[in-house]
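Next comes input-v1.pdb, a file with PDB, C-alpha atoms and all ligand atoms.
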ATOM      1  CA  MET Y  14      -9.223   0.003  12.070
ATOM      2  CA  ARG Y  15      -9.971  -3.081  14.132
ATOM      3  CA  ILE Y  16     -12.658  -2.714  16.799
ATOM      4  CA  ASN Y  17     -12.796  -5.796  18.971
ATOM      5  CA  ASN Y  18     -15.431  -4.704  21.476
ATOM      6  CA  LYS Y  19     -18.744  -5.943  20.036
ATOM      7  CA  ILE Y  20     -20.908  -3.168  21.474
ATOM      8  CA  ILE Y  21     -18.593  -0.371  20.346
ATOM      9  CA  SER Y  22     -18.314  -2.082  16.983
ATOM     10  CA  GLN Y  23     -22.122  -2.155  16.570
ATOM     11  CA  ILE Y  24     -22.415   1.501  17.583
ATOM     12  CA  MET Y  25     -19.662   2.486  15.160
ATOM     13  CA  ASN Y  26     -21.356   0.573  12.344
ATOM     14  CA  ARG Y  27     -24.701   2.135  13.156
ATOM     15  CA  PHE Y  28     -23.248   5.643  12.881
ATOM     16  CA  ASP Y  29     -20.632   4.962  10.244
ATOM     17  CA  PHE Y  30     -21.918   7.624   7.854
ATOM     18  CA  ILE Y  31     -21.479  10.459  10.341
ATOM     19  CA  ILE Y  32     -18.144   9.151  11.680
ATOM     20  CA  ARG Y  33     -16.711   8.790   8.176
ATOM     21  CA  TYR Y  34     -18.019  12.214   7.246
ATOM     22  CA  LEU Y  35     -16.461  13.957  10.271
ATOM     23  CA  TYR Y  36     -13.211  12.105   9.822
ATOM     24  CA  CYS Y  37     -12.914  13.284   6.205
ATOM     25  CA  ARG Y  38     -13.727  16.860   7.074
ATOM     26  CA  PHE Y  39     -11.492  17.242  10.134
ATOM     27  CA  SER Y  40      -8.185  15.663   9.245
ATOM     28  CA  PHE Y  41      -6.558  16.974  12.448
ATOM     29  CA  ILE Y  42      -8.505  14.196  14.268
ATOM     30  CA  LYS Y  43      -6.328  11.683  12.460
ATOM     31  CA  LYS Y  44      -3.110  13.527  13.275
ATOM     32  CA  ILE Y  45      -3.899  13.783  16.979
ATOM     33  CA  MET Y  46      -5.579  10.455  17.657
ATOM     34  CA  PHE Y  47      -4.331   7.954  15.137
ATOM     35  CA  TRP Y  48      -0.547   8.296  15.019
ATOM     36  CA  SER Y  49       0.016   4.629  15.832
ATOM     37  CA  LEU Y  50      -2.664   3.574  13.358
ATOM     38  CA  TYR Y  51      -1.013   5.555  10.575
ATOM     39  CA  SER Y  52       2.525   4.674  11.426
ATOM     40  CA  SER Y  53       4.012   1.744   9.536
ATOM     41  CA  ASP Y  54       4.955  -1.315  11.559
ATOM     42  CA  PHE Y  55       8.466  -2.200  10.447
ATOM     43  CA  LYS Y  56       8.365  -5.702  11.972
ATOM     44  CA  ASP Y  57       5.241  -6.531   9.948
ATOM     45  CA  LEU Y  58       6.791  -4.923   6.876
ATOM     46  CA  ASP Y  59       9.842  -7.096   7.299
ATOM     47  CA  GLN Y  60       7.644 -10.195   7.070
ATOM     48  CA  VAL Y  61       6.087  -8.727   3.939
ATOM     49  CA  PHE Y  62       9.601  -8.387   2.497
ATOM     50  CA  GLU Y  63      10.530 -11.978   3.391
ATOM     51  CA  LYS Y  64       7.347 -13.347   1.801
ATOM     52  CA  MET Y  65       7.936 -11.265  -1.324
ATOM     53  CA  LYS Y  66      11.560 -12.428  -1.490
ATOM     54  CA  SER Y  67      10.538 -16.079  -1.497
ATOM     55  CA  ILE Y  68       7.948 -15.413  -4.224
ATOM     56  CA  PHE Y  69      10.675 -13.615  -6.220
ATOM     57  CA  GLU Y  70      13.022 -16.575  -5.773
ATOM     58  CA  ASN Y  71      10.353 -19.043  -6.922
ATOM     59  CA  ASN Y  72       9.725 -16.974 -10.042
ATOM     60  CA  ASN Y  73      13.305 -15.973 -10.906
ATOM     61  CA  VAL Y  74      12.773 -12.277 -10.173
ATOM     62  CA  ILE Y  75      16.234 -10.807  -9.615
ATOM     63  CA  ILE Y  76      16.855  -7.900  -7.236
ATOM     64  CA  LYS Y  77      20.629  -7.615  -7.705
ATOM     65  CA  ASP Y  78      21.742  -4.566  -9.715
ATOM     66  CA  LYS Y  79      18.141  -3.570 -10.436
ATOM     67  CA  LYS Y  80      16.297  -0.302  -9.993
ATOM     68  CA  VAL Y  81      13.371  -0.638  -7.579
ATOM     69  CA  LEU Y  82      10.462   1.689  -6.892
ATOM     70  CA  GLU Y  83       8.297   1.468  -3.776
ATOM     71  CA  LEU Y  84       4.980   3.266  -3.993
ATOM     72  CA  GLY Y  85       3.546   4.659  -0.758
ATOM     73  CA  PRO Y  86       6.176   3.678   1.827
ATOM     74  CA  GLY Y  87       4.339   5.735   4.468
ATOM     75  CA  ASN Y  88       6.862   6.647   7.139
ATOM     76  CA  SER Y  89       9.104   3.608   6.679
ATOM     77  CA  ARG Y  90      12.381   3.043   4.845
ATOM     78  CA  LEU Y  91      12.530  -0.619   5.785
ATOM     79  CA  MET Y  92      11.742  -2.019   2.338
ATOM     80  CA  GLY Y  93      14.386   0.253   0.847
ATOM     81  CA  TYR Y  94      17.006  -1.033   3.312
ATOM     82  CA  ASN Y  95      16.083  -4.646   2.595
ATOM     83  CA  PHE Y  96      16.254  -4.184  -1.173
ATOM     84  CA  ILE Y  97      19.660  -2.503  -0.919
ATOM     85  CA  VAL Y  98      21.036  -5.253   1.333
ATOM     86  CA  HIS Y  99      19.914  -7.718  -1.355
ATOM     87  CA  GLY Y 100      21.938  -5.899  -3.989
ATOM     88  CA  ALA Y 101      19.474  -3.475  -5.612
ATOM     89  CA  LYS Y 102      21.322  -0.769  -7.535
ATOM     90  CA  LYS Y 103      18.887   1.981  -6.590
ATOM     91  CA  VAL Y 104      15.673   2.207  -4.545
ATOM     92  CA  ILE Y 105      13.218   5.050  -4.945
ATOM     93  CA  LEU Y 106      10.616   5.452  -2.207
ATOM     94  CA  LEU Y 107       7.774   7.553  -3.549
ATOM     95  CA  ASP Y 108       4.809   8.738  -1.517
ATOM     96  CA  LYS Y 109       2.190  11.232  -2.630
ATOM     97  CA  TYR Y 110       1.294  12.201   0.952
ATOM     98  CA  PRO Y 111       4.513  11.458   2.831
ATOM     99  CA  ARG Y 112       4.419  11.007   6.562
ATOM    100  CA  VAL Y 113       8.164  11.286   7.072
ATOM    101  CA  GLN Y 114       8.065  14.496   9.082
ATOM    102  CA  ASN Y 115      10.823  15.900  11.162
ATOM    103  CA  THR Y 116       9.248  15.089  14.518
ATOM    104  CA  ASN Y 117      10.629  13.385  17.615
ATOM    105  CA  ARG Y 118       8.285  10.444  17.065
ATOM    106  CA  GLN Y 119       9.476  10.000  13.507
ATOM    107  CA  ARG Y 120      13.159  10.303  14.488
ATOM    108  CA  LYS Y 121      12.663   7.630  17.166
ATOM    109  CA  PHE Y 122      10.799   5.437  14.666
ATOM    110  CA  GLN Y 123      13.627   5.752  12.133
ATOM    111  CA  GLU Y 124      16.269   4.964  14.713
ATOM    112  CA  GLU Y 125      14.437   1.841  15.881
ATOM    113  CA  GLU Y 126      13.885   0.747  12.294
ATOM    114  CA  PHE Y 127      17.574   1.248  11.563
ATOM    115  CA  GLU Y 128      18.587  -0.773  14.649
ATOM    116  CA  PHE Y 129      16.173  -3.517  13.593
ATOM    117  CA  ILE Y 130      17.773  -3.839  10.157
ATOM    118  CA  ALA Y 131      21.283  -3.720  11.658
ATOM    119  CA  ARG Y 132      20.382  -6.623  13.982
ATOM    120  CA  LYS Y 133      18.723  -8.564  11.171
ATOM    121  CA  TYR Y 134      21.826  -8.510   8.983
ATOM    122  CA  ASN Y 135      24.448  -8.391  11.748
ATOM    123  CA  TYR Y 136      25.733  -4.960  10.803
ATOM    124  CA  THR Y 137      26.852  -2.316  13.233
ATOM    125  CA  LYS Y 138      25.058   0.980  12.960
ATOM    126  CA  ALA Y 139      28.338   2.525  11.830
ATOM    127  CA  ASP Y 140      28.637  -0.023   8.981
ATOM    128  CA  LEU Y 141      25.194   0.853   7.782
ATOM    129  CA  SER Y 142      25.536   4.592   7.816
ATOM    130  CA  THR Y 143      28.987   4.780   6.278
ATOM    131  CA  ASP Y 144      28.665   1.881   3.901
ATOM    132  CA  PHE Y 145      25.706   1.775   1.581
ATOM    133  CA  LEU Y 146      22.451   2.804   3.131
ATOM    134  CA  PHE Y 147      22.915   6.522   3.389
ATOM    135  CA  SER Y 148      24.740   6.780   0.129
ATOM    136  CA  ASP Y 149      22.776   7.809  -2.920
ATOM    137  CA  LYS Y 150      21.227   4.358  -3.317
ATOM    138  CA  ILE Y 151      17.970   5.206  -1.545
ATOM    139  CA  SER Y 152      15.970   8.314  -2.304
ATOM    140  CA  PHE Y 153      12.722   9.378  -0.738
ATOM    141  CA  LEU Y 154      10.522  11.398  -3.089
ATOM    142  CA  SER Y 155       7.249  13.107  -2.524
ATOM    143  CA  GLY Y 156       4.859  13.306  -5.462
ATOM    144  CA  ASP Y 157       2.733  11.531  -7.998
ATOM    145  CA  LEU Y 158       4.326   8.884 -10.192
ATOM    146  CA  CYS Y 159       2.477  10.190 -13.252
ATOM    147  CA  GLU Y 160       4.054  13.628 -12.827
ATOM    148  CA  LEU Y 161       7.635  12.426 -12.428
ATOM    149  CA  ASP Y 162      10.128  11.683 -15.122
ATOM    150  CA  MET Y 163      11.127   8.143 -14.268
ATOM    151  CA  SER Y 164      12.165   5.166 -16.383
ATOM    152  CA  ASN Y 165      14.049   1.853 -16.443
ATOM    153  CA  VAL Y 166      12.522   0.555 -13.233
ATOM    154  CA  TYR Y 167      12.702  -3.245 -12.958
ATOM    155  CA  ILE Y 168      10.578  -3.836  -9.830
ATOM    156  CA  ILE Y 169       7.649  -1.846  -8.448
ATOM    157  CA  PHE Y 170       6.472  -2.758  -4.974
ATOM    158  CA  SER Y 171       3.626  -1.553  -2.772
ATOM    159  CA  ASN Y 172       1.997  -2.630   0.480
ATOM    160  CA  SER Y 173      -1.555  -1.489   1.306
ATOM    161  CA  VAL Y 174      -1.348   1.384  -1.154
ATOM    162  CA  LEU Y 175      -3.238   0.686  -4.391
ATOM    163  CA  GLU Y 176      -6.609   0.693  -2.638
ATOM    164  CA  HIS Y 177      -5.838   4.302  -1.591
ATOM    165  CA  VAL Y 178      -4.886   5.593  -5.029
ATOM    166  CA  LYS Y 179      -7.495   7.878  -6.515
ATOM    167  CA  ASP Y 180      -7.051   7.540 -10.247
ATOM    168  CA  ILE Y 181      -5.916   3.944 -10.098
ATOM    169  CA  GLY Y 182      -6.337   3.356 -13.857
ATOM    170  CA  ASN Y 183      -3.996   6.211 -14.648
ATOM    171  CA  ALA Y 184      -1.563   5.116 -11.916
ATOM    172  CA  ILE Y 185      -1.326   1.564 -13.316
ATOM    173  CA  GLU Y 186      -0.752   3.008 -16.798
ATOM    174  CA  CYS Y 187       2.112   5.122 -15.384
ATOM    175  CA  MET Y 188       3.568   2.078 -13.611
ATOM    176  CA  SER Y 189       3.560   0.268 -16.941
ATOM    177  CA  LYS Y 190       5.406   3.207 -18.557
ATOM    178  CA  VAL Y 191       8.219   3.408 -15.991
ATOM    179  CA  LEU Y 192       8.821  -0.347 -15.941
ATOM    180  CA  VAL Y 193      11.168  -1.960 -18.426
ATOM    181  CA  LYS Y 194       9.686  -4.695 -20.616
ATOM    182  CA  GLY Y 195       9.918  -7.936 -18.638
ATOM    183  CA  GLY Y 196       9.979  -5.971 -15.362
ATOM    184  CA  TYR Y 197       7.814  -6.932 -12.380
ATOM    185  CA  MET Y 198       5.264  -5.422  -9.999
ATOM    186  CA  TYR Y 199       4.436  -6.912  -6.624
ATOM    187  CA  HIS Y 200       1.450  -5.457  -4.775
ATOM    188  CA  ASN Y 201      -0.311  -6.300  -1.538
ATOM    189  CA  ILE Y 202      -3.786  -4.835  -1.901
ATOM    190  CA  ASP Y 203      -6.173  -4.638   1.028
ATOM    191  CA  LEU Y 204      -9.652  -4.498  -0.500
ATOM    192  CA  ARG Y 205     -11.529  -4.370   2.792
ATOM    193  CA  ASP Y 206     -13.499  -1.445   4.106
ATOM    194  CA  HIS Y 207     -10.893   0.081   6.441
ATOM    195  CA  PHE Y 208     -13.547   1.597   8.742
ATOM    196  CA  ASN Y 209     -14.055  -1.571  10.774
ATOM    197  CA  PHE Y 210     -12.016  -4.554   9.640
ATOM    198  CA  ASN Y 211     -14.472  -6.927  11.340
ATOM    199  CA  TYR Y 212     -17.046  -5.792   8.766
ATOM    200  CA  PRO Y 213     -14.968  -5.680   5.593
ATOM    201  CA  PHE Y 214     -17.891  -5.111   3.221
ATOM    202  CA  LEU Y 215     -19.799  -2.402   5.059
ATOM    203  CA  PHE Y 216     -18.964   0.203   2.421
ATOM    204  CA  TYR Y 217     -20.766  -1.662  -0.374
ATOM    205  CA  LYS Y 218     -24.004   0.039   0.678
ATOM    206  CA  TYR Y 219     -22.928   3.492  -0.547
ATOM    207  CA  GLU Y 220     -23.450   4.804  -4.046
ATOM    208  CA  GLN Y 221     -20.257   6.050  -5.675
ATOM    209  CA  ASP Y 222     -21.213   9.749  -5.757
ATOM    210  CA  ILE Y 223     -22.083   9.731  -2.023
ATOM    211  CA  TRP Y 224     -18.907   7.824  -1.252
ATOM    212  CA  ASN Y 225     -16.651  10.214  -3.152
ATOM    213  CA  LYS Y 226     -18.403  13.381  -2.060
ATOM    214  CA  TYR Y 227     -18.874  12.774   1.659
ATOM    215  CA  LEU Y 228     -17.247   9.622   2.950
ATOM    216  CA  THR Y 229     -13.713   9.449   1.652
ATOM    217  CA  LYS Y 230     -11.051  12.055   0.968
ATOM    218  CA  GLU Y 231      -7.779  11.844  -0.894
ATOM    219  CA  GLY Y 232      -4.774  12.132   1.423
ATOM    220  CA  THR Y 233      -6.892  11.436   4.502
ATOM    221  CA  SER Y 234      -8.887   8.257   4.210
ATOM    222  CA  TYR Y 235      -9.322   7.733   0.504
ATOM    223  CA  THR Y 236     -10.339   4.229  -0.567
ATOM    224  CA  ASN Y 237     -11.209   3.619  -4.213
ATOM    225  CA  ARG Y 238     -13.358   0.482  -3.579
ATOM    226  CA  PHE Y 239     -11.984  -1.180  -6.722
ATOM    227  CA  ARG Y 240     -12.709  -4.899  -6.654
ATOM    228  CA  TYR Y 241     -10.641  -7.880  -7.741
ATOM    229  CA  ASP Y 242     -12.121  -7.939 -11.268
ATOM    230  CA  ASP Y 243     -11.530  -4.164 -11.674
ATOM    231  CA  TYR Y 244      -7.832  -4.594 -10.848
ATOM    232  CA  MET Y 245      -7.515  -7.573 -13.182
ATOM    233  CA  HIS Y 246      -9.079  -5.603 -15.993
ATOM    234  CA  LEU Y 247      -6.640  -2.707 -15.465
ATOM    235  CA  PHE Y 248      -3.570  -4.935 -15.197
ATOM    236  CA  LYS Y 249      -4.464  -6.658 -18.460
ATOM    237  CA  LYS Y 250      -5.276  -3.374 -20.204
ATOM    238  CA  HIS Y 251      -1.840  -1.991 -19.320
ATOM    239  CA  SER Y 252       0.140  -5.018 -20.533
ATOM    240  CA  PHE Y 253       0.635  -7.022 -17.371
ATOM    241  CA  GLU Y 254       0.374 -10.775 -17.005
ATOM    242  CA  VAL Y 255      -0.224 -12.450 -13.656
ATOM    243  CA  VAL Y 256       2.763 -14.511 -12.522
ATOM    244  CA  SER Y 257       1.438 -15.506  -9.106
ATOM    245  CA  GLU Y 258      -1.394 -14.487  -6.825
ATOM    246  CA  ASP Y 259      -2.574 -15.209  -3.340
ATOM    247  CA  ILE Y 260      -6.165 -14.296  -2.494
ATOM    248  CA  ILE Y 261      -7.930 -14.137   0.864
ATOM    249  CA  ARG Y 262     -11.733 -14.188   0.747
ATOM    250  CA  ARG Y 263     -14.401 -13.808   3.399
ATOM    251  CA  ASP Y 264     -18.050 -14.724   3.234
ATOM    252  CA  LEU Y 265     -20.219 -11.939   2.004
ATOM    253  CA  ASP Y 266     -22.484 -11.759   5.031
ATOM    254  CA  PRO Y 267     -25.907 -10.284   4.362
ATOM    255  CA  VAL Y 268     -24.825  -6.876   3.211
ATOM    256  CA  LYS Y 269     -26.568  -4.157   1.266
ATOM    257  CA  LEU Y 270     -25.166  -3.594  -2.221
ATOM    258  CA  SER Y 271     -25.351  -0.234  -3.969
ATOM    259  CA  SER Y 272     -26.007  -0.248  -7.710
ATOM    260  CA  GLN Y 273     -22.274  -0.127  -8.434
ATOM    261  CA  PHE Y 274     -21.735  -3.527  -6.801
ATOM    262  CA  ALA Y 275     -25.083  -5.202  -7.496
ATOM    263  CA  ASP Y 276     -23.991  -6.778 -10.793
ATOM    264  CA  LYS Y 277     -20.644  -8.059  -9.614
ATOM    265  CA  GLN Y 278     -19.816 -11.728  -9.132
ATOM    266  CA  LYS Y 279     -20.021 -12.907  -5.526
ATOM    267  CA  GLY Y 280     -16.472 -14.282  -5.804
ATOM    268  CA  ASP Y 281     -15.114 -10.831  -6.749
ATOM    269  CA  LEU Y 282     -17.017  -9.107  -3.963
ATOM    270  CA  GLU Y 283     -15.653 -11.551  -1.392
ATOM    271  CA  VAL Y 284     -11.974 -10.803  -1.995
ATOM    272  CA  CYS Y 285     -10.461  -9.124   1.076
ATOM    273  CA  LYS Y 286      -6.760  -9.277   0.306
ATOM    274  CA  LEU Y 287      -4.745  -9.769  -2.825
ATOM    275  CA  CYS Y 288      -1.030 -10.385  -3.032
ATOM    276  CA  ILE Y 289      -0.018 -10.348  -6.672
ATOM    277  CA  LEU Y 290       3.127 -10.622  -8.780
ATOM    278  CA  LEU Y 291       2.782  -9.276 -12.340
ATOM    279  CA  ARG Y 292       5.129  -9.125 -15.283
ATOM    280  CA  LYS Y 293       5.117  -6.443 -17.947
ATOM    281  CA  ILE Y 294       4.823  -8.090 -21.344
TER     282      ILE Y 294
HETATM  283  C1  LIG Y 301      -1.936   2.584   4.329
HETATM  284  S1  LIG Y 301      -0.526   3.500   3.937
HETATM  285  C2  LIG Y 301       0.658   2.203   3.703
HETATM  286  C3  LIG Y 301       2.046   2.616   4.092
HETATM  287  C4  LIG Y 301       3.110   1.515   4.010
HETATM  288  N1  LIG Y 301       3.211   0.971   2.689
HETATM  289  C5  LIG Y 301       2.839   0.445   5.015
HETATM  290  O1  LIG Y 301       2.480  -0.675   4.634
HETATM  291  O2  LIG Y 301       2.989   0.697   6.211
HETATM  292  C6  LIG Y 301      -0.830   4.058   2.281
HETATM  293  C7  LIG Y 301       0.236   4.998   1.750
HETATM  294  O3  LIG Y 301      -0.004   5.220   0.356
HETATM  295  C8  LIG Y 301       0.288   6.564   0.068
HETATM  296  N2  LIG Y 301      -0.365   6.933  -1.195
HETATM  297  C9  LIG Y 301      -1.673   7.182  -1.436
HETATM  298  N3  LIG Y 301      -1.870   7.493  -2.737
HETATM  299  C10 LIG Y 301      -0.657   7.423  -3.327
HETATM  300  C11 LIG Y 301      -0.196   7.623  -4.663
HETATM  301  N4  LIG Y 301      -1.014   7.947  -5.648
HETATM  302  N5  LIG Y 301       1.130   7.466  -4.912
HETATM  303  C12 LIG Y 301       1.993   7.133  -3.925
HETATM  304  N6  LIG Y 301       1.615   6.921  -2.647
HETATM  305  C13 LIG Y 301       0.307   7.061  -2.353
HETATM  306  C14 LIG Y 301      -0.217   7.308   1.302
HETATM  307  O4  LIG Y 301       0.339   8.581   1.419
HETATM  308  C15 LIG Y 301       0.243   6.361   2.420
HETATM  309  O5  LIG Y 301       1.539   6.666   2.869
END

Would you encode the structure as structure tokens?
Amino acid sequence: MRINNKIISQIMNRFDFIIRYLYCRFSFIKKIMFWSLYSSDFKDLDQVFEKMKSIFENNNVIIKDKKVLELGPGNSRLMGYNFIVHGAKKVILLDKYPRVQNTNRQRKFQEEEFEFIARKYNYTKADLSTDFLFSDKISFLSGDLCELDMSNVYIIFSNSVLEHVKDIGNAIECMSKVLVKGGYMYHNIDLRDHFNFNYPFLFYKYEQDIWNKYLTKEGTSYTNRFRYDDYMHLFKKHSFEVVSEDIIRRDLDPVKLSSQFADKQKGDLEVCKLCILLRKI
């Protein structure tokens, strides 16, 4: 989260261990207090789509007639709609901990998202529902990619997801298996500590066993703390080549490093965001 008040920010940082610990243990806190934080922002996601589309165009990645998989769509179908409008044959939205619940908030969210996409492409709502969007071209699945029987995917996309995947090595191996040879993956990875975005490297101070045992929890707040070099190693190991990448770094302010991070290159530790297009070779 982003905490702009300096005093609150300092207090939060001072007590981050206990706050993280309570947050992991009592997941109802998240449900009650952080709906807006954990709800996707479809206007932001639309910009993510537009940026990705221009990177695809520059690198001859074709959407038309292709099968697309989005990992971790959260509670949004916006990427699916955009891919279908651009001619994708099929879009699978797959989330391991889906937040698409049948609540009034979610219904309102979906309606607004649908109206947004109708306005964007000058469709009437009737066009969209009867024409292509609610046909069998988009499916929303709940589960783990490695446990599903999927193949012949041409594009895998994710936004702010890979940093939350627990067994990321296994997940990237599974992505490689479901993709066709020559297929593409496009991921936006947010490598910052999500506790307080103004202090993106605060979590470097924790040893891995403490982190996993007390301070992060799969399905609630899990962050794997993989760094740029770790991702690069995994992508290479599972037969991916980098087609394009966009990296945002921030200075590593004086920050305590646990043994896991002590030997890493400063340049790898400073990466905050990575936007990467990869091709399966
Ligand atoms: C920070 S949210 C991002 C949601 C959405 N992509 C967005 O940008 O608004 C991370 C999402 O990844 C999902 N997720 C975590 N681990 C996953 C996994 N192994 N496979 C698929 N989705 C996963 C979570 O359930 C959550 O919906």

Closest-contact table, chain Y side, partner ligand LIG 301 (chain Y), 6 Å, counting all atoms listed in the file, as JSON lines:
{"residue": "Y:Ser53", "atom": "CA", "partner": "Y:LIG301", "partner_atom": "O2", "distance": 3.6}
{"residue": "Y:Leu84", "atom": "CA", "partner": "Y:LIG301", "partner_atom": "C12", "distance": 4.9}
{"residue": "Y:Gly85", "atom": "CA", "partner": "Y:LIG301", "partner_atom": "N6", "distance": 3.5}
{"residue": "Y:Pro86", "atom": "CA", "partner": "Y:LIG301", "partner_atom": "N1", "distance": 4.1}
{"residue": "Y:Gly87", "atom": "CA", "partner": "Y:LIG301", "partner_atom": "O5", "distance": 3.4}
{"residue": "Y:Leu107", "atom": "CA", "partner": "Y:LIG301", "partner_atom": "C12", "distance": 5.8}
{"residue": "Y:Asp108", "atom": "CA", "partner": "Y:LIG301", "partner_atom": "N6", "distance": 3.8}
{"residue": "Y:Lys109", "atom": "CA", "partner": "Y:LIG301", "partner_atom": "C12", "distance": 4.3}
{"residue": "Y:Tyr110", "atom": "CA", "partner": "Y:LIG301", "partner_atom": "O4", "distance": 3.8}
{"residue": "Y:Pro111", "atom": "CA", "partner": "Y:LIG301", "partner_atom": "O4", "distance": 5.3}
{"residue": "Y:Asp157", "atom": "CA", "partner": "Y:LIG301", "partner_atom": "N5", "distance": 5.3}
{"residue": "Y:Asn172", "atom": "CA", "partner": "Y:LIG301", "partner_atom": "N1", "distance": 4.4}
{"residue": "Y:Ser173", "atom": "CA", "partner": "Y:LIG301", "partner_atom": "C2", "distance": 4.9}
{"residue": "Y:Val174", "atom": "CA", "partner": "Y:LIG301", "partner_atom": "O3", "distance": 4.3}
{"residue": "Y:His177", "atom": "CA", "partner": "Y:LIG301", "partner_atom": "C9", "distance": 5.1}
{"residue": "Y:Val178", "atom": "CA", "partner": "Y:LIG301", "partner_atom": "N3", "distance": 4.2}

Task: Residue contacts of Arg38 (chain Y) (12 Å, only C-alpha atoms) excluding same-chain residues fewer than 6 positions away, as a PyMOL selection string - done: chain Y and resi 31-32+226-234

TODO: Do a neighbour search on Ile16 (chain Y) at 8 Å with only C-alpha atoms, toss out local chain neighbours closer than 5 positions, and write the hits as a list of chain:residue names.
DONE: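 Surrounding residues, per the criterion: Y:Ile21, Y:Ser22, Y:Asn209, Y:Phe210, Y:Asn211.
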
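Closest approach to Leu290 (chain Y) among Y:Ile261, Y:Leu82, Y:Ile169, Y:Met92 is made by Y:Ile169 (distances from all atoms listed in the file).
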
Open item on the list: The residues within 10 Å of (-27.0, 0.5, -7.7), using all atoms listed in the file and the coordinates of the file, should be reported as number ranges by chain; which are they?
Closed with: Y: 217-221, 270-276

Open item on the list: Using the chain letters and numbers from this file, what does the PyMOL selection byres (((chain Y and resi 76) around 12) and not hetatm) select? Give the answer as number ranges by chain.
Closed with: Y: 65-67, 69-70, 72-75, 77-82, 93, 95-104, 166-170, 196-197

Open item on the list: As an exercise, work out the distance from CA of Glu186 (chain Y) to CA of Asp162 (chain Y) in Å and give it to one decimal place.
Closed with: 14.0 Å

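Across the chains present, the PyMOL selection byres (((chain Y and resi 123-138) around 8) and not hetatm) applied to this file returns Y:Phe55, Y:Ser89, Y:Arg90, Y:Leu91, Y:Tyr94, Y:Asn95, Y:Gln119, Y:Arg120, Y:Lys121, Y:Phe122, Y:Ala139, Y:Asp140, Y:Leu141, Y:Ser142.
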
- [ ] Can you turn the PyMOL selection byres (((chain Y and resi 187) around 12) and not hetatm) into a concrete residue list for this file, as a list of chain:residue names?
- [x] Y:Leu84, Y:Asp157, Y:Leu158, Y:Cys159, Y:Glu160, Y:Leu161, Y:Asp162, Y:Met163, Y:Ser164, Y:Val166, Y:Ile169, Y:Asp180, Y:Ile181, Y:Gly182, Y:Asn183, Y:Ala184, Y:Ile185, Y:Glu186, Y:Met188, Y:Ser189, Y:Lys190, Y:Val191, Y:Leu192, Y:Val193, Y:Leu247, Y:Phe248, Y:His251, Y:Ser252

Reconstruct N, CA and C atoms of region 154-166 of chain Y; output as a PDB file, in the frame of the given file.
ATOM      1  N   LEU Y 154      11.129  10.310  -2.322  1.00  0.00           N
ATOM      2  CA  LEU Y 154      10.522  11.398  -3.089  1.00  0.00           C
ATOM      3  C   LEU Y 154       9.076  11.590  -2.671  1.00  0.00           C
ATOM      4  N   SER Y 155       8.644  12.827  -2.793  1.00  0.00           N
ATOM      5  CA  SER Y 155       7.249  13.107  -2.524  1.00  0.00           C
ATOM      6  C   SER Y 155       6.618  13.527  -3.847  1.00  0.00           C
ATOM      7  N   GLY Y 156       5.500  12.914  -4.204  1.00  0.00           N
ATOM      8  CA  GLY Y 156       4.859  13.306  -5.462  1.00  0.00           C
ATOM      9  C   GLY Y 156       4.027  12.198  -6.064  1.00  0.00           C
ATOM     10  N   ASP Y 157       3.594  12.466  -7.278  1.00  0.00           N
ATOM     11  CA  ASP Y 157       2.733  11.531  -7.998  1.00  0.00           C
ATOM     12  C   ASP Y 157       3.552  10.906  -9.125  1.00  0.00           C
ATOM     13  N   LEU Y 158       3.532   9.598  -9.184  1.00  0.00           N
ATOM     14  CA  LEU Y 158       4.326   8.884 -10.192  1.00  0.00           C
ATOM     15  C   LEU Y 158       4.092   9.430 -11.599  1.00  0.00           C
ATOM     16  N   CYS Y 159       2.817   9.771 -11.891  1.00  0.00           N
ATOM     17  CA  CYS Y 159       2.477  10.190 -13.252  1.00  0.00           C
ATOM     18  C   CYS Y 159       3.057  11.574 -13.575  1.00  0.00           C
ATOM     19  N   GLU Y 160       3.497  12.291 -12.557  1.00  0.00           N
ATOM     20  CA  GLU Y 160       4.054  13.628 -12.827  1.00  0.00           C
ATOM     21  C   GLU Y 160       5.579  13.635 -12.762  1.00  0.00           C
ATOM     22  N   LEU Y 161       6.172  12.478 -12.538  1.00  0.00           N
ATOM     23  CA  LEU Y 161       7.635  12.426 -12.428  1.00  0.00           C
ATOM     24  C   LEU Y 161       8.227  11.828 -13.694  1.00  0.00           C
ATOM     25  N   ASP Y 162       9.448  12.206 -13.955  1.00  0.00           N
ATOM     26  CA  ASP Y 162      10.128  11.683 -15.122  1.00  0.00           C
ATOM     27  C   ASP Y 162      10.980  10.496 -14.669  1.00  0.00           C
ATOM     28  N   MET Y 163      10.418   9.315 -14.772  1.00  0.00           N
ATOM     29  CA  MET Y 163      11.127   8.143 -14.268  1.00  0.00           C
ATOM     30  C   MET Y 163      11.099   7.053 -15.337  1.00  0.00           C
ATOM     31  N   SER Y 164      12.153   6.259 -15.394  1.00  0.00           N
ATOM     32  CA  SER Y 164      12.165   5.166 -16.383  1.00  0.00           C
ATOM     33  C   SER Y 164      13.107   4.066 -15.919  1.00  0.00           C
ATOM     34  N   ASN Y 165      13.128   2.974 -16.687  1.00  0.00           N
ATOM     35  CA  ASN Y 165      14.049   1.853 -16.443  1.00  0.00           C
ATOM     36  C   ASN Y 165      13.934   1.205 -15.076  1.00  0.00           C
ATOM     37  N   VAL Y 166      12.732   1.245 -14.511  1.00  0.00           N
ATOM     38  CA  VAL Y 166      12.522   0.555 -13.233  1.00  0.00           C
ATOM     39  C   VAL Y 166      12.288  -0.925 -13.531  1.00  0.00           C
TER      40      VAL Y 166
END
